[in-house]
>>> print(open('coords05.txt').read())   # compact mmCIF, C-alpha atoms
# COMPACT_ATOMS: atom_id res chain seq x y z
CA MET L 1 3.61 -8.29 -17.57
CA ALA L 2 3.97 -8.45 -21.33
CA ASN L 3 1.17 -10.15 -23.19
CA TYR L 4 2.67 -13.58 -23.67
CA ARG L 5 0.99 -15.75 -26.28
CA VAL L 6 -0.14 -19.22 -25.19
CA LEU L 7 -1.65 -21.95 -27.37
CA LEU L 8 -4.10 -24.13 -25.44
CA ALA L 9 -5.14 -27.36 -27.19
CA ASP L 10 -7.68 -29.57 -25.44
CA ASP L 11 -10.80 -31.32 -26.72
CA GLU L 12 -12.73 -30.69 -23.48
CA MET L 13 -14.56 -27.39 -24.00
CA ALA L 14 -15.25 -26.87 -20.27
CA LEU L 15 -11.56 -27.30 -19.38
CA ARG L 16 -10.49 -24.99 -22.23
CA PHE L 17 -12.93 -22.37 -20.97
CA LEU L 18 -11.69 -22.64 -17.37
CA LEU L 19 -8.02 -22.47 -18.34
CA THR L 20 -8.55 -19.67 -20.86
CA GLU L 21 -10.35 -17.59 -18.23
CA THR L 22 -7.72 -18.33 -15.58
CA LEU L 23 -4.74 -17.57 -17.84
CA SER L 24 -6.41 -14.51 -19.42
CA ASP L 25 -7.01 -13.08 -15.95
CA GLU L 26 -3.23 -13.32 -15.43
CA GLY L 27 -2.59 -11.33 -18.62
CA TYR L 28 -1.83 -14.13 -21.08
CA ASP L 29 -3.12 -13.95 -24.67
CA ILE L 30 -4.74 -17.37 -25.27
CA THR L 31 -5.41 -19.08 -28.59
CA GLU L 32 -7.58 -22.20 -28.34
CA ALA L 33 -7.47 -25.35 -30.43
CA GLU L 34 -9.94 -28.20 -29.96
CA ASP L 35 -7.88 -31.04 -31.43
CA GLY L 36 -4.35 -31.97 -32.42
CA LYS L 37 -4.76 -31.08 -36.08
CA GLU L 38 -5.98 -27.58 -35.25
CA ALA L 39 -3.09 -27.19 -32.78
CA LEU L 40 -0.60 -28.18 -35.48
CA ASN L 41 -2.05 -25.59 -37.88
CA GLU L 42 -1.64 -22.89 -35.22
CA ILE L 43 1.94 -24.00 -34.47
CA ARG L 44 2.87 -23.82 -38.14
CA ASN L 45 1.46 -20.32 -38.63
CA GLN L 46 1.86 -18.39 -35.39
CA ARG L 47 4.64 -17.83 -32.83
CA TYR L 48 3.80 -18.65 -29.21
CA ASP L 49 5.65 -18.20 -25.93
CA LEU L 50 4.26 -21.46 -24.53
CA ILE L 51 2.10 -24.36 -25.72
CA ILE L 52 -0.30 -26.42 -23.59
CA LEU L 53 -1.41 -29.74 -25.10
CA ASP L 54 -3.82 -32.38 -23.86
CA TYR L 55 -2.39 -35.89 -24.23
CA MET L 56 -5.56 -37.50 -25.60
CA MET L 57 -7.12 -35.43 -28.40
CA PRO L 58 -8.86 -36.32 -31.66
CA GLU L 59 -6.84 -36.22 -34.91
CA LEU L 60 -3.40 -36.09 -33.24
CA THR L 61 -2.40 -36.66 -29.59
CA GLY L 62 -0.50 -33.99 -27.67
CA VAL L 63 2.59 -36.20 -27.85
CA GLU L 64 2.32 -36.50 -31.64
CA VAL L 65 1.92 -32.71 -31.94
CA CYS L 66 4.97 -32.20 -29.72
CA GLU L 67 7.03 -34.69 -31.75
CA TRP L 68 6.18 -32.80 -34.94
CA LEU L 69 6.93 -29.47 -33.24
CA ARG L 70 10.41 -30.56 -32.12
CA ASN L 71 11.36 -32.31 -35.38
CA HIS L 72 10.21 -29.88 -38.09
CA ASP L 73 11.18 -26.34 -38.98
CA ASN L 74 8.58 -24.02 -37.44
CA PRO L 75 8.50 -20.82 -35.36
CA ASN L 76 7.80 -22.75 -32.13
CA ARG L 77 10.46 -25.45 -32.23
CA GLN L 78 12.12 -24.30 -28.97
CA VAL L 79 8.97 -23.16 -27.14
CA PRO L 80 8.16 -24.85 -23.79
CA VAL L 81 5.35 -27.43 -23.95
CA ILE L 82 3.11 -28.46 -21.05
CA LEU L 83 1.29 -31.78 -21.49
CA LEU L 84 -1.99 -32.20 -19.59
CA THR L 85 -3.05 -35.79 -19.08
CA ALA L 86 -5.04 -38.30 -17.12
CA LYS L 87 -2.42 -40.90 -18.09
CA ALA L 88 -0.14 -41.16 -15.06
CA LEU L 89 1.84 -44.28 -15.94
CA GLU L 90 5.63 -44.04 -16.08
CA LYS L 91 5.69 -45.27 -19.69
CA ASP L 92 3.43 -42.34 -20.67
CA ARG L 93 5.76 -39.88 -18.93
CA GLU L 94 8.74 -41.41 -20.73
CA ARG L 95 6.98 -41.17 -24.10
CA ALA L 96 6.14 -37.51 -23.42
CA LYS L 97 9.71 -36.72 -22.39
CA ALA L 98 11.09 -38.44 -25.51
CA ALA L 99 8.74 -36.29 -27.62
CA GLY L 100 10.20 -33.12 -26.11
CA VAL L 101 7.52 -32.19 -23.57
CA SER L 102 8.88 -29.67 -21.03
CA THR L 103 6.47 -30.41 -18.17
CA TYR L 104 3.88 -33.11 -17.55
CA ILE L 105 0.80 -32.25 -15.42
CA VAL L 106 -1.60 -35.02 -14.38
CA LYS L 107 -5.35 -34.33 -14.25
CA PRO L 108 -7.05 -33.35 -12.06
CA PHE L 109 -4.87 -30.35 -11.26
CA SER L 110 -5.33 -26.89 -9.84
CA PRO L 111 -5.63 -24.11 -12.43
CA LEU L 112 -3.43 -22.02 -10.11
CA GLN L 113 -0.76 -24.74 -10.28
CA LEU L 114 -0.93 -24.44 -14.06
CA VAL L 115 -0.57 -20.63 -13.88
CA ASP L 116 2.54 -21.04 -11.72
CA THR L 117 4.01 -23.58 -14.15
CA VAL L 118 3.25 -21.38 -17.18
CA GLN L 119 4.89 -18.37 -15.54
CA LYS L 120 7.97 -20.38 -14.52
CA LEU L 121 8.47 -21.89 -17.99
CA ILE L 122 8.03 -18.54 -19.77
CA GLU L 123 10.49 -16.84 -17.40
CA GLU L 124 13.03 -19.63 -17.97
CA GLY L 125 12.63 -19.22 -21.72
CA GLN L 126 13.34 -15.48 -21.76
>>> encode(input="coords05.txt", output="structure tokens")
Amino acid sequence: MANYRVLLADDEMALRFLLTETLSDEGYDITEAEDGKEALNEIRNQRYDLIILDYMMPELTGVEVCEWLRNHDNPNRQVPVILLTAKALEKDRERAKAAGVSTYIVKPFSPLQLVDTVQKLIEEGQ
């Protein structure tokens, strides 16, 4: 497998650690961001194959980051975005979809489910 680059933005350090370890073990090159502002800086300056955003983060939410990503010129405008969230209401899903989120995963979830989703979205994007 090629070393695909993944941006992982989540304010929960323990979850970032778990997902970074899980995805790294599968051969993905992970860049971490701990809030929405840091994620936006990464998106502006680096090309990724896939972006994982937490819905509720300090500075900017995952949905706000995704809206910016889809509506501004940047190297990641067409990259798949996975939104991780504890917000399972239909209105939250609709807001995420309107922002351009590719896939919506509700917490708690299996890290292996996430690996499968990452692989599927990257393959579809090739």
>>> atom_distance(input="coords05.txt", atom1="CA of Val101 (chain L)", atom2="CA of Tyr48 (chain L)")
15.1 Å
>>> closest_residue(input="coords05.txt", among="L:Leu114, L:Ala98, L:Ala88, L:Leu121", to="Thr20 (chain L)", atoms="all atoms listed in the file")
L:Leu114
>>> axis_aligned_box(input="coords05.txt", around="region 61-72 of chain L", padding_each_side="3 Å", output="JSON")
{"center_x": 4.5, "center_y": -33.1, "center_z": -32.9, "size_x": 19.8, "size_y": 13.2, "size_z": 16.4}
>>> closest_residue(input="coords05.txt", among="L:His72, L:Tyr55, L:Gly62, L:Glu26", to="Asp116 (chain L)", atoms="all atoms listed in the file")
L:Glu26
>>> closest_residue(input="coords05.txt", among="L:Gln119, L:Asn41, L:Asn74, L:Thr103", to="Asp54 (chain L)", atoms="all atoms listed in the file")
L:Thr103
>>> residues_near_point(input="coords05.txt", point="(8.0, -26.6, -30.9)", cutoff="12 Å", atoms="all atoms listed in the file", output="PDB file with C-alpha atoms, in the coordinates of the input")
ATOM      1  CA  LEU L   7      -1.650 -21.950 -27.370  1.00  0.00           C
ATOM      2  CA  ALA L  39      -3.090 -27.190 -32.780  1.00  0.00           C
ATOM      3  CA  LEU L  40      -0.600 -28.180 -35.480  1.00  0.00           C
ATOM      4  CA  GLU L  42      -1.640 -22.890 -35.220  1.00  0.00           C
ATOM      5  CA  ILE L  43       1.940 -24.000 -34.470  1.00  0.00           C
ATOM      6  CA  ARG L  44       2.870 -23.820 -38.140  1.00  0.00           C
ATOM      7  CA  ASN L  45       1.460 -20.320 -38.630  1.00  0.00           C
ATOM      8  CA  GLN L  46       1.860 -18.390 -35.390  1.00  0.00           C
ATOM      9  CA  ARG L  47       4.640 -17.830 -32.830  1.00  0.00           C
ATOM     10  CA  TYR L  48       3.800 -18.650 -29.210  1.00  0.00           C
ATOM     11  CA  ASP L  49       5.650 -18.200 -25.930  1.00  0.00           C
ATOM     12  CA  LEU L  50       4.260 -21.460 -24.530  1.00  0.00           C
ATOM     13  CA  ILE L  51       2.100 -24.360 -25.720  1.00  0.00           C
ATOM     14  CA  ILE L  52      -0.300 -26.420 -23.590  1.00  0.00           C
ATOM     15  CA  LEU L  53      -1.410 -29.740 -25.100  1.00  0.00           C
ATOM     16  CA  GLY L  62      -0.500 -33.990 -27.670  1.00  0.00           C
ATOM     17  CA  VAL L  63       2.590 -36.200 -27.850  1.00  0.00           C
ATOM     18  CA  GLU L  64       2.320 -36.500 -31.640  1.00  0.00           C
ATOM     19  CA  VAL L  65       1.920 -32.710 -31.940  1.00  0.00           C
ATOM     20  CA  CYS L  66       4.970 -32.200 -29.720  1.00  0.00           C
ATOM     21  CA  GLU L  67       7.030 -34.690 -31.750  1.00  0.00           C
ATOM     22  CA  TRP L  68       6.180 -32.800 -34.940  1.00  0.00           C
ATOM     23  CA  LEU L  69       6.930 -29.470 -33.240  1.00  0.00           C
ATOM     24  CA  ARG L  70      10.410 -30.560 -32.120  1.00  0.00           C
ATOM     25  CA  ASN L  71      11.360 -32.310 -35.380  1.00  0.00           C
ATOM     26  CA  HIS L  72      10.210 -29.880 -38.090  1.00  0.00           C
ATOM     27  CA  ASP L  73      11.180 -26.340 -38.980  1.00  0.00           C
ATOM     28  CA  ASN L  74       8.580 -24.020 -37.440  1.00  0.00           C
ATOM     29  CA  PRO L  75       8.500 -20.820 -35.360  1.00  0.00           C
ATOM     30  CA  ASN L  76       7.800 -22.750 -32.130  1.00  0.00           C
ATOM     31  CA  ARG L  77      10.460 -25.450 -32.230  1.00  0.00           C
ATOM     32  CA  GLN L  78      12.120 -24.300 -28.970  1.00  0.00           C
ATOM     33  CA  VAL L  79       8.970 -23.160 -27.140  1.00  0.00           C
ATOM     34  CA  PRO L  80       8.160 -24.850 -23.790  1.00  0.00           C
ATOM     35  CA  VAL L  81       5.350 -27.430 -23.950  1.00  0.00           C
ATOM     36  CA  ILE L  82       3.110 -28.460 -21.050  1.00  0.00           C
ATOM     37  CA  ALA L  99       8.740 -36.290 -27.620  1.00  0.00           C
ATOM     38  CA  GLY L 100      10.200 -33.120 -26.110  1.00  0.00           C
ATOM     39  CA  VAL L 101       7.520 -32.190 -23.570  1.00  0.00           C
ATOM     40  CA  SER L 102       8.880 -29.670 -21.030  1.00  0.00           C
TER      41      SER L 102
END
